[in-house]
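Data block for model33.pdb (PDB, N, CA and C atoms):
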ATOM      1  N   MET M   1      12.416   1.591 -16.506
ATOM      2  CA  MET M   1      12.232   1.827 -15.103
ATOM      3  C   MET M   1      12.959   3.112 -14.693
ATOM      4  N   ARG M   2      14.176   3.296 -15.177
ATOM      5  CA  ARG M   2      14.935   4.490 -14.816
ATOM      6  C   ARG M   2      14.213   5.764 -15.240
ATOM      7  N   ASP M   3      13.714   5.778 -16.464
ATOM      8  CA  ASP M   3      12.990   6.964 -16.934
ATOM      9  C   ASP M   3      11.791   7.252 -16.041
ATOM     10  N   PHE M   4      11.068   6.207 -15.653
ATOM     11  CA  PHE M   4       9.897   6.383 -14.802
ATOM     12  C   PHE M   4      10.286   6.963 -13.443
ATOM     13  N   LEU M   5      11.305   6.398 -12.809
ATOM     14  CA  LEU M   5      11.702   6.880 -11.485
ATOM     15  C   LEU M   5      12.172   8.332 -11.527
ATOM     16  N   VAL M   6      12.916   8.694 -12.566
ATOM     17  CA  VAL M   6      13.385  10.080 -12.672
ATOM     18  C   VAL M   6      12.221  11.023 -12.962
ATOM     19  N   ALA M   7      11.294  10.601 -13.800
ATOM     20  CA  ALA M   7      10.182  11.462 -14.200
ATOM     21  C   ALA M   7       9.140  11.650 -13.103
ATOM     22  N   ASN M   8       9.170  10.795 -12.079
ATOM     23  CA  ASN M   8       8.131  10.821 -11.052
ATOM     24  C   ASN M   8       8.728  10.856  -9.648
ATOM     25  N   PRO M   9       9.157  12.036  -9.187
ATOM     26  CA  PRO M   9       9.644  12.126  -7.812
ATOM     27  C   PRO M   9       8.565  11.631  -6.847
ATOM     28  N   VAL M  10       8.992  11.076  -5.722
ATOM     29  CA  VAL M  10       8.044  10.490  -4.782
ATOM     30  C   VAL M  10       8.197  11.103  -3.395
ATOM     31  N   LEU M  11       7.184  10.904  -2.579
ATOM     32  CA  LEU M  11       7.273  11.237  -1.165
ATOM     33  C   LEU M  11       7.514   9.945  -0.410
ATOM     34  N   ALA M  12       8.443   9.992   0.529
ATOM     35  CA  ALA M  12       8.748   8.820   1.344
ATOM     36  C   ALA M  12       8.657   9.210   2.808
ATOM     37  N   GLU M  13       8.390   8.217   3.630
ATOM     38  CA  GLU M  13       8.372   8.457   5.066
ATOM     39  C   GLU M  13       9.781   8.266   5.603
ATOM     40  N   GLY M  14      10.305   9.290   6.262
ATOM     41  CA  GLY M  14      11.634   9.215   6.836
ATOM     42  C   GLY M  14      11.652   8.364   8.096
ATOM     43  N   ALA M  15      12.838   8.135   8.610
ATOM     44  CA  ALA M  15      13.014   7.285   9.790
ATOM     45  C   ALA M  15      12.228   7.792  10.992
ATOM     46  N   ASN M  16      12.080   9.100  11.096
ATOM     47  CA  ASN M  16      11.364   9.660  12.248
ATOM     48  C   ASN M  16       9.891   9.936  11.954
ATOM     49  N   GLY M  17       9.389   9.428  10.831
ATOM     50  CA  GLY M  17       7.977   9.572  10.497
ATOM     51  C   GLY M  17       7.623  10.806   9.699
ATOM     52  N   THR M  18       8.594  11.664   9.409
ATOM     53  CA  THR M  18       8.308  12.851   8.612
ATOM     54  C   THR M  18       8.392  12.507   7.123
ATOM     55  N   LEU M  19       7.810  13.365   6.301
ATOM     56  CA  LEU M  19       7.851  13.147   4.854
ATOM     57  C   LEU M  19       9.105  13.763   4.257
ATOM     58  N   GLU M  20       9.620  13.098   3.234
ATOM     59  CA  GLU M  20      10.749  13.640   2.485
ATOM     60  C   GLU M  20      10.500  13.433   0.994
ATOM     61  N   ALA M  21      10.873  14.432   0.209
ATOM     62  CA  ALA M  21      10.765  14.321  -1.242
ATOM     63  C   ALA M  21      11.995  13.581  -1.750
ATOM     64  N   VAL M  22      11.782  12.621  -2.642
ATOM     65  CA  VAL M  22      12.879  11.815  -3.178
ATOM     66  C   VAL M  22      12.952  12.038  -4.685
ATOM     67  N   TYR M  23      14.117  12.503  -5.121
ATOM     68  CA  TYR M  23      14.383  12.727  -6.541
ATOM     69  C   TYR M  23      15.452  11.742  -6.995
ATOM     70  N   PHE M  24      15.111  10.902  -7.970
ATOM     71  CA  PHE M  24      16.081   9.962  -8.527
ATOM     72  C   PHE M  24      16.801  10.626  -9.695
ATOM     73  N   HIS M  25      18.036  10.185  -9.945
ATOM     74  CA  HIS M  25      18.835  10.714 -11.059
ATOM     75  C   HIS M  25      19.928   9.709 -11.394
ATOM     76  N   ASP M  26      20.558   9.886 -12.547
ATOM     77  CA  ASP M  26      21.768   9.153 -12.898
ATOM     78  C   ASP M  26      22.584  10.028 -13.837
ATOM     79  N   ALA M  27      23.638   9.483 -14.400
ATOM     80  CA  ALA M  27      24.545  10.276 -15.240
ATOM     81  C   ALA M  27      23.857  10.831 -16.489
ATOM     82  N   GLU M  28      22.827  10.142 -16.968
ATOM     83  CA  GLU M  28      22.125  10.561 -18.186
ATOM     84  C   GLU M  28      20.826  11.312 -17.911
ATOM     85  N   ARG M  29      20.319  11.214 -16.699
ATOM     86  CA  ARG M  29      19.009  11.786 -16.368
ATOM     87  C   ARG M  29      19.126  12.635 -15.110
ATOM     88  N   PRO M  30      19.062  13.945 -15.241
ATOM     89  CA  PRO M  30      19.143  14.796 -14.046
ATOM     90  C   PRO M  30      17.871  14.694 -13.199
ATOM     91  N   ALA M  31      18.014  14.967 -11.916
ATOM     92  CA  ALA M  31      16.859  14.961 -11.016
ATOM     93  C   ALA M  31      15.848  16.005 -11.484
ATOM     94  N   ARG M  32      14.570  15.676 -11.421
ATOM     95  CA  ARG M  32      13.496  16.573 -11.870
ATOM     96  C   ARG M  32      13.095  17.541 -10.756
ATOM     97  N   THR M  33      14.010  18.400 -10.385
ATOM     98  CA  THR M  33      13.761  19.310  -9.263
ATOM     99  C   THR M  33      12.812  20.455  -9.621
ATOM    100  N   GLU M  34      12.376  20.517 -10.874
ATOM    101  CA  GLU M  34      11.368  21.535 -11.202
ATOM    102  C   GLU M  34      10.031  21.219 -10.540
ATOM    103  N   TYR M  35       9.875  19.962 -10.101
ATOM    104  CA  TYR M  35       8.711  19.603  -9.280
ATOM    105  C   TYR M  35       9.062  19.983  -7.848
ATOM    106  N   SER M  36       8.462  21.024  -7.356
ATOM    107  CA  SER M  36       8.822  21.567  -6.056
ATOM    108  C   SER M  36       8.460  20.635  -4.901
ATOM    109  N   ALA M  37       9.347  20.577  -3.937
ATOM    110  CA  ALA M  37       9.107  19.789  -2.720
ATOM    111  C   ALA M  37       8.579  20.675  -1.603
ATOM    112  N   LYS M  38       8.351  21.941  -1.904
ATOM    113  CA  LYS M  38       7.872  22.883  -0.887
ATOM    114  C   LYS M  38       6.381  22.660  -0.655
ATOM    115  N   SER M  39       6.093  21.777   0.278
ATOM    116  CA  SER M  39       4.713  21.449   0.629
ATOM    117  C   SER M  39       4.623  21.280   2.134
ATOM    118  N   PRO M  40       3.460  21.551   2.693
ATOM    119  CA  PRO M  40       3.303  21.347   4.136
ATOM    120  C   PRO M  40       3.622  19.899   4.516
ATOM    121  N   GLY M  41       4.426  19.733   5.528
ATOM    122  CA  GLY M  41       4.757  18.404   6.021
ATOM    123  C   GLY M  41       5.994  17.783   5.416
ATOM    124  N   VAL M  42       6.487  18.335   4.315
ATOM    125  CA  VAL M  42       7.705  17.793   3.706
ATOM    126  C   VAL M  42       8.896  18.448   4.395
ATOM    127  N   GLU M  43       9.656  17.628   5.124
ATOM    128  CA  GLU M  43      10.734  18.137   5.960
ATOM    129  C   GLU M  43      12.102  18.102   5.291
ATOM    130  N   ARG M  44      12.258  17.264   4.267
ATOM    131  CA  ARG M  44      13.593  17.028   3.730
ATOM    132  C   ARG M  44      13.511  16.687   2.254
ATOM    133  N   VAL M  45      14.613  16.919   1.540
ATOM    134  CA  VAL M  45      14.739  16.522   0.137
ATOM    135  C   VAL M  45      15.945  15.595   0.025
ATOM    136  N   ARG M  46      15.752  14.462  -0.654
ATOM    137  CA  ARG M  46      16.867  13.542  -0.919
ATOM    138  C   ARG M  46      17.003  13.332  -2.409
ATOM    139  N   ARG M  47      18.242  13.263  -2.874
ATOM    140  CA  ARG M  47      18.535  12.919  -4.259
ATOM    141  C   ARG M  47      19.240  11.569  -4.224
ATOM    142  N   ILE M  48      18.708  10.613  -4.980
ATOM    143  CA  ILE M  48      19.255   9.262  -4.959
ATOM    144  C   ILE M  48      19.740   8.885  -6.347
ATOM    145  N   ASP M  49      21.007   8.499  -6.427
ATOM    146  CA  ASP M  49      21.586   8.047  -7.687
ATOM    147  C   ASP M  49      21.022   6.665  -8.006
ATOM    148  N   LEU M  50      20.483   6.510  -9.203
ATOM    149  CA  LEU M  50      19.872   5.239  -9.594
ATOM    150  C   LEU M  50      20.879   4.091  -9.651
ATOM    151  N   ASP M  51      22.129   4.380  -9.989
ATOM    152  CA  ASP M  51      23.127   3.314 -10.016
ATOM    153  C   ASP M  51      23.295   2.712  -8.623
ATOM    154  N   ASP M  52      23.302   3.562  -7.603
ATOM    155  CA  ASP M  52      23.406   3.067  -6.230
ATOM    156  C   ASP M  52      22.121   2.358  -5.819
ATOM    157  N   PHE M  53      20.980   2.957  -6.150
ATOM    158  CA  PHE M  53      19.686   2.414  -5.755
ATOM    159  C   PHE M  53      19.423   1.037  -6.356
ATOM    160  N   LEU M  54      19.856   0.836  -7.599
ATOM    161  CA  LEU M  54      19.558  -0.404  -8.319
ATOM    162  C   LEU M  54      20.737  -1.380  -8.368
ATOM    163  N   GLU M  55      21.799  -1.130  -7.609
ATOM    164  CA  GLU M  55      23.002  -1.953  -7.730
ATOM    165  C   GLU M  55      22.781  -3.423  -7.376
ATOM    166  N   ASP M  56      21.827  -3.737  -6.518
ATOM    167  CA  ASP M  56      21.587  -5.132  -6.131
ATOM    168  C   ASP M  56      20.594  -5.859  -7.037
ATOM    169  N   VAL M  57      20.043  -5.163  -8.017
ATOM    170  CA  VAL M  57      19.102  -5.787  -8.945
ATOM    171  C   VAL M  57      19.904  -6.391 -10.097
ATOM    172  N   PRO M  58      19.812  -7.707 -10.292
ATOM    173  CA  PRO M  58      20.559  -8.320 -11.393
ATOM    174  C   PRO M  58      20.131  -7.733 -12.734
ATOM    175  N   LYS M  59      21.099  -7.474 -13.590
ATOM    176  CA  LYS M  59      20.802  -6.906 -14.908
ATOM    177  C   LYS M  59      20.019  -7.915 -15.747
ATOM    178  N   GLY M  60      19.051  -7.415 -16.493
ATOM    179  CA  GLY M  60      18.265  -8.263 -17.373
ATOM    180  C   GLY M  60      17.097  -8.952 -16.692
ATOM    181  N   THR M  61      16.876  -8.685 -15.408
ATOM    182  CA  THR M  61      15.743  -9.319 -14.729
ATOM    183  C   THR M  61      14.476  -8.550 -15.017
ATOM    184  N   THR M  62      13.376  -9.240 -14.962
ATOM    185  CA  THR M  62      12.065  -8.610 -15.149
ATOM    186  C   THR M  62      11.169  -8.988 -13.990
ATOM    187  N   ALA M  63      10.188  -8.183 -13.766
ATOM    188  CA  ALA M  63       9.221  -8.476 -12.703
ATOM    189  C   ALA M  63       8.360  -9.660 -13.137
ATOM    190  N   PRO M  64       7.923 -10.477 -12.176
ATOM    191  CA  PRO M  64       7.040 -11.594 -12.548
ATOM    192  C   PRO M  64       5.719 -11.078 -13.102
ATOM    193  N   ASN M  65       5.138 -11.822 -14.009
ATOM    194  CA  ASN M  65       3.865 -11.455 -14.592
ATOM    195  C   ASN M  65       2.765 -11.859 -13.600
ATOM    196  N   PRO M  66       1.995 -10.900 -13.087
ATOM    197  CA  PRO M  66       0.993 -11.243 -12.083
ATOM    198  C   PRO M  66      -0.137 -12.126 -12.607
ATOM    199  N   THR M  67      -0.276 -12.256 -13.921
ATOM    200  CA  THR M  67      -1.347 -13.105 -14.457
ATOM    201  C   THR M  67      -0.888 -14.557 -14.609
ATOM    202  N   GLU M  68       0.426 -14.795 -14.478
ATOM    203  CA  GLU M  68       0.929 -16.164 -14.589
ATOM    204  C   GLU M  68       0.771 -16.882 -13.258
ATOM    205  N   THR M  69       0.478 -18.157 -13.330
ATOM    206  CA  THR M  69       0.371 -18.962 -12.121
ATOM    207  C   THR M  69       1.333 -20.127 -12.220
ATOM    208  N   ALA M  70       1.978 -20.430 -11.118
ATOM    209  CA  ALA M  70       2.903 -21.557 -11.097
ATOM    210  C   ALA M  70       2.114 -22.864 -11.186
ATOM    211  N   VAL M  71       2.658 -23.797 -11.937
ATOM    212  CA  VAL M  71       2.032 -25.113 -12.067
ATOM    213  C   VAL M  71       2.863 -26.088 -11.260
ATOM    214  N   ALA M  72       2.206 -26.810 -10.371
ATOM    215  CA  ALA M  72       2.945 -27.754  -9.512
ATOM    216  C   ALA M  72       3.002 -29.115 -10.136
TER     217      ALA M  72
END
Translate this structure into structure tokens?
Amino acid sequence: MRDFLVANPVLAEGANGTLEAVYFHDAERPARTEYSAKSPGVERVRRIDLDDFLEDVPKGTTAPNPTETAVA
């Protein structure tokens, strides 16, 4: 997941409705700023440390499998 987030900067809607470029990074993976955020409508650039971003996610958890169904 970390590699994916760092490799794929995203556009997010800011609090006031403007677009901002979001670059994820951590101690081992620098932000991919070679992908330019200079685009019409992009008002801001944010760099987010993955350790802070993912701190509330329990370690070792996985996303549920969407093809599995709960049996009652």
**Prompt:** Evaluating the PyMOL selection byres (((chain M and resi 1 and name CA) around 12) and name CA) on the displayed file yields which residues, as a list of chain:residue names?
**Reply:**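 Evaluating the PyMOL selection byres (((chain M and resi 1 and name CA) around 12) and name CA) on these coordinates yields M:Arg2, M:Asp3, M:Phe4, M:Leu5, M:Val6, M:Ala7, M:Asn8, M:Phe24, M:His25, M:Leu50, M:Phe53, M:Leu54, M:Val57, M:Gly60, M:Thr61, M:Thr62, M:Ala63.
Here atom C of Gly17 (chain M) is placed at a distance of 11.2 Å from atom C of Pro40 (chain M).
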Let me know the residues the PyMOL selection byres ((chain M and resi 42) around 8) catches in the file above, as a short mmCIF file (atom, residue, chain, number, x, y, z; two decimals) with N, CA and C atoms, keeping the file's coordinate frame.
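Wrote part-v2.cif, looks like this:
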data_model
loop_
_atom_site.label_atom_id
_atom_site.label_comp_id
_atom_site.auth_asym_id
_atom_site.auth_seq_id
_atom_site.Cartn_x
_atom_site.Cartn_y
_atom_site.Cartn_z
N THR M 18 8.59 11.66 9.41
CA THR M 18 8.31 12.85 8.61
C THR M 18 8.39 12.51 7.12
N LEU M 19 7.81 13.36 6.30
CA LEU M 19 7.85 13.15 4.85
C LEU M 19 9.10 13.76 4.26
N GLU M 20 9.62 13.10 3.23
CA GLU M 20 10.75 13.64 2.48
C GLU M 20 10.50 13.43 0.99
N ALA M 21 10.87 14.43 0.21
CA ALA M 21 10.76 14.32 -1.24
C ALA M 21 12.00 13.58 -1.75
N ALA M 37 9.35 20.58 -3.94
CA ALA M 37 9.11 19.79 -2.72
C ALA M 37 8.58 20.68 -1.60
N LYS M 38 8.35 21.94 -1.90
CA LYS M 38 7.87 22.88 -0.89
C LYS M 38 6.38 22.66 -0.66
N SER M 39 6.09 21.78 0.28
CA SER M 39 4.71 21.45 0.63
C SER M 39 4.62 21.28 2.13
N PRO M 40 3.46 21.55 2.69
CA PRO M 40 3.30 21.35 4.14
C PRO M 40 3.62 19.90 4.52
N GLY M 41 4.43 19.73 5.53
CA GLY M 41 4.76 18.40 6.02
C GLY M 41 5.99 17.78 5.42
N GLU M 43 9.66 17.63 5.12
CA GLU M 43 10.73 18.14 5.96
C GLU M 43 12.10 18.10 5.29
N ARG M 44 12.26 17.26 4.27
CA ARG M 44 13.59 17.03 3.73
C ARG M 44 13.51 16.69 2.25
N VAL M 45 14.61 16.92 1.54
CA VAL M 45 14.74 16.52 0.14
C VAL M 45 15.94 15.60 0.02
#
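DSSP, applied to the backbone of this structure, assigns alpha helix (DSSP H) to the following residues of chain M: Arg2, Asp3, Phe4, Leu5, Val6, Ala7, Leu50, Asp51, Asp52 and Phe53 of chain M.
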**Item:** One-decimal distance in Å that lies between CA of Pro30 (chain M) and CA of Arg46 (chain M)
**Value:**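 Straight-line distance from CA of Arg46 (chain M) to CA of Pro30 (chain M) works out to 13.4 Å.
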**Message:** Residues proximal to (9.3, 15.8, -10.7) were defined as those with any atom within 8 Å of that point in the file's coordinates, counting all atoms listed in the file. Which are they, as a ChimeraX atom specification?
**Reply:** /M:6-10,22-23,31-36
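When DSSP is run on the backbone, the residues of chain M that fall into strand (DSSP E) are Val10, Leu11, Ala12, Glu13, Leu19, Glu20, Ala21, Val22, Tyr23, Phe24, His25, Val42, Glu43, Arg44, Val45, Arg46, Arg47, Ile48 and Asp49 of chain M.
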**Request:** Work out how far apart atom N of Glu55 (chain M) and CA of Ala15 (chain M) are and give it in Å to one decimal.
**Result:**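 Calculated distance between atom N of Glu55 (chain M) and CA of Ala15 (chain M) is 21.2 Å.
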Box for region 18-34 of chain M: with edges along x, y and z, all listed atoms inside and 4 Å added on each side, what are the centre and edge lengths in Å to one decimal, as AutoDock Vina command-line options?
--center_x 16.2 --center_y 15.3 --center_z -4.4 --size_x 24.7 --size_y 20.4 --size_z 35.6
